[in-house]
Each structure stands twice: as structure tokens, then as C-alpha cells.
Amino acid sequence: MKKRHIALLVVLAMLMGLLAACGAGEAPAEETAEQPEAQAAETETPDAPEATEEVAADVQAVIDRGVLRVGVKNAVVGFGYEDPLTGEYSGLEIELAKALAEKLGVDVEFTAVTAATRTELLDSGDIDCVLATFTITDERRESWDFTTPYYTDHVTVLVEDASGITDLESLVGATVGVSSGSTSAKSLVKALIEAGLISGDGFDEETFDPATWTDGVSFRQYDDYPTISTALSAGEVDAFCVDKSILAIYRTEGRSYIDAEFAPQEYGIATTKDSGMSAVAEELVSDLLADGTISALIADNGLD
């Protein structure tokens with residue numbers, strides 16, 4: 001009896017051990033079954049590439065390139081000026097270009113443009129936007145997008161004191177130097193008409209051409225501002241007409257502005273029509289106007 005009892009106890013012990021082993025093996029099996037579900041849940045979470053799908057193609061191209069290419073002036077102190085010794089750029093528009101590049105998380109590359117070349121380079125895709133004292137007009141809005149204005153200037157005229165020209169009236173009969181592709185000549189003619197100094201017969205804003213206008217004043221067009229300044233010194237022209245802030249650097253000893261300012265000029269960032277960059281640029285300017293950054297930059301660059 002005793003031996004049978006011991007044998008029974010041994011069998012029971014073996015059964016209990018076997019059951020315990022089976023129980024221990026079930027836990028890993030359950031964990032293994034649940035693991036694929038957890039991994040599947042993780043793969044359903046949106047990743048970075050999906051987030052970039054909302055970025056416009058032209059903006060994404062800039063981000064992928066890592067460089068924002070901006071057309072700027074290089075000889076307009078306070079707006080866009082390149083130091084001839086260091087090659088460093090400075091000015092209000094330079095700072096705005098840097099801010100736009102920072103917003104996109106890329107570097108910035110400056111391309112010097114003139115009134116005649118800025119839209120050509122934008123249209124060809126050589127630059128991504130223009131920050132170059134570019135006046136906003138209804139006509140230009142038909143071809144390019146512009147942001148809310150970040151600066152407002154006025155047109156005036158610079159003359160040599162020895163010329164005796166002091167106002168619009170004494171400007172009648174003069175030859176005026178202007179930049180090719182600018183609106184300055186048209187603005188001056190309108191000011192003369194509104195002042196009653198010329199008849200304005202045949203004047204049409206849409207078809208106006210400085211090269212053919214001769215009523216009361218005539219014009220010579222040049223590729224850049226330094227060349228106009230040289231022409232003024234040489235007597236090739238009697239006056240230099242453009243936005244006052246641009247003329248400031250050329251107002252040297254023996255030169256003065258005439259007693260007249262006209263045609264408010266609002267500057268905006270120009271971008272390709274209906275492009276993604278247009279929305280990004282507008283958001284930047286709106287934010288920097290709202291928080292006072294642009295006002296501070298205007299003051300820092302002596303433009304107030």
C-alpha cells in the first residue's frame with residue numbers, strides 16, 4: 001500500500017509540472033500574437049513625407065534644393081546694397097529675403113537685378129522671387145503676384161544745383177534720365193499734366209512709352225541707376241527721376257531734389273502668378289508687419 005501511495009504521489013507531481021509548463025508556454029504565444037497588431041498600428045501613423053504633400057510643388061522644389069534664389073538691387077542703400085569690398089549685402093529687402101529663406105528652412109542666394117531684368121529672371125525661373133524696390137501696379141498684377149506692401153515711397157527728381165531747375169514748372173523742356181522698365185517717366189508726365197504744366201494730349205497710361213514721349217519733357221532710358229547718375233554729371237540729361245529713397249545715395253554735394261513729390265510707390269515681394277511661393281511670401285510680410293519687425297527694419301536702414 002505504501003509503495004502504491006508513493007507512486008500515486010509521483011504521478012500527480014509529474015502532472016502538475018506538465019500543466020505548469022504548458023501555462024508558462026502560453027504567455028509568450030499570446031504576446032507573439034499581439035505583437036503584429038502593435039506594429040500594424042505604428043505603420044498607420046502619418047510620417048514626414050505625407051506631411052509634405054500639402055506643400056506646393058514650387059515651394060517643395062526650393063526646400064529640396066536647399067536655397068532660395070532672390071532677385072535684389074545691389075546699388076540702392078537702405079534696400080539692397082552690395083559692399084564692393086566684402087561682397088556682403090545689406091538693406092531692408094536683404095533682411096526680408098533672409099527671413100523668407102529662414103521660414104522655408106533653406107539658405108538664401110542673391111542675384112543682382114535691375115528694373116529691366118527682374119521680371120525676365122523671375123519668368124525664366126532663374127530666381128524664385130523679387131525683392132528689388134518693385135512698385136505694385138494693377139498692370140503688373142496681371143502678370144505677377146505681389147505681397148501686401150512692405151514699404152511706401154514717392155517719386156521725385158534729382159538735379160544739379162547749377163541747372164536752375166527747382167520745381168516741376170522749371171522742369172518743362174528738360175531731358176530726364178529714367179531706368180528702363182520703371183514707371184518713373186509715366187509718373188512724372190502724369191504729375192506735369194495734373195499740375196497743368198503740359199496738355200497731356202495723347203497721353204494714355206496703358207500705351208505710354210518714354211522713348212517716344214516729347215510733350216513738355218523727353219526721356220533717356222538707362223539700364224541702372226549709377227549710369228543715370230553719371231549721365232546727370234556729364235550733362236547728358238538735365239534730371240534724374242525715380243523713387244526718392246533710391247535717389248538718396250545720389251544726392252551728393254551740388255545736387256538737390258526738386259520741390260515736388262508725387263505718385264506713391266508701394267513695394268511688394270513679386271512672385272510667379274498663382275504660385276505656392278506667393279502664399280508663403282504673403283504670410284511672411286503680413287506677420288512681420290503685424291509684429292513690428294518691418295517697422296524696425298525700416299528705421300534701422302534709415303528709411304523712415
# chains A, B, ... in the order shown; residues from 1 in each chain; ligands from 1
>>> residues_around(residues="Gly276 in chain A", least_positions_apart="3", cutoff="9 Å", atoms="only C-alpha atoms", output="number ranges by chain")
A: 55-59, 272, 279-281
>>> residues_around(residues="Gly202 in chain A", least_positions_apart="4", cutoff="12 Å", atoms="only C-alpha atoms", output="ChimeraX atom specification")
/A:189-190,193,198,206-209,212-215
>>> select_by_dssp(residues="range 203-241 of chain A", states="strand (DSSP E)", output="list in words")
Ser218, Phe219, Arg220, Gln221, Tyr222, Ala239, Phe240 and Cys241 of chain A
>>> residues_around(residues="Val155 in chain A", least_positions_apart="6", cutoff="10 Å", atoms="only C-alpha atoms", output="list in words")
Thr183, Ser184, Ala185, Ser187, Leu188, Ala191, Cys241, Val242, Asp243, Lys244, Ser245, Ile246, Leu247, Ala260, Glu261, Phe262, Ala263, Pro264 and Gln265 of chain A
>>> closest_atom_pairs(of="range 80-129 of chain A", to="range 157-180 of chain A", cutoff="9 Å", atoms="only C-alpha atoms", output="tab-separated table")
residue	atom	partner	partner_atom	distance
A:Thr114	CA	A:Ser179	CA	8.4
A:Ala115	CA	A:Ser180	CA	6.3
A:Ala116	CA	A:Ser180	CA	5.5
>>> write_last_selection(atoms="C-alpha atoms", output="short mmCIF file (atom, residue, chain, number, x, y, z; two decimals), in the first residue's frame")
data_model
loop_
_atom_site.label_atom_id
_atom_site.label_comp_id
_atom_site.auth_asym_id
_atom_site.auth_seq_id
_atom_site.Cartn_x
_atom_site.Cartn_y
_atom_site.Cartn_z
CA THR A 114 17.64 95.91 -62.48
CA ALA A 115 14.21 97.25 -63.33
CA ALA A 116 14.71 95.80 -66.80
#
>>> atom_distance(atom1="CA of Val76 in chain A", atom2="CA of Thr111 in chain A")
13.9 Å
>>> select_by_dssp(residues="range 211-287 of chain A", states="alpha helix (DSSP H)", output="ChimeraX atom specification")
/A:225-234,244-247,276-287
>>> closest_residue(among="A:Leu303, A:Val62, A:Leu92, A:Ala296", to="Val106 in chain A", atoms="only C-alpha atoms")
A:Val62
>>> atom_distance(atom1="CA of Val285 in chain A", atom2="CA of Thr148 in chain A")
6.8 Å
>>> atom_distance(atom1="CA of Glu102 in chain A", atom2="CA of Ala290 in chain A")
18.1 Å
>>> residues_around(residues="Ser229 in chain A", least_positions_apart="4", cutoff="8 Å", atoms="only C-alpha atoms", output="VMD selection string")
chain A and resid 225 233 240 250
>>> write_last_selection(atoms="C-alpha atoms", output="short mmCIF file (atom, residue, chain, number, x, y, z; two decimals), in the first residue's frame")
data_model
loop_
_atom_site.label_atom_id
_atom_site.label_comp_id
_atom_site.auth_asym_id
_atom_site.auth_seq_id
_atom_site.Cartn_x
_atom_site.Cartn_y
_atom_site.Cartn_z
CA TYR A 225 20.88 103.96 -61.54
CA SER A 233 27.02 114.68 -64.05
CA PHE A 240 17.25 112.01 -62.71
CA TYR A 250 22.97 110.00 -55.46
#
>>> closest_residue(among="A:Pro226, A:Gly66, A:Gly125, A:Gly268", to="Ile249 in chain A", atoms="only C-alpha atoms")
A:Pro226
>>> closest_residue(among="A:Leu104, A:Leu284, A:Leu232, A:Ala270", to="Arg255 in chain A", atoms="only C-alpha atoms")
A:Leu232
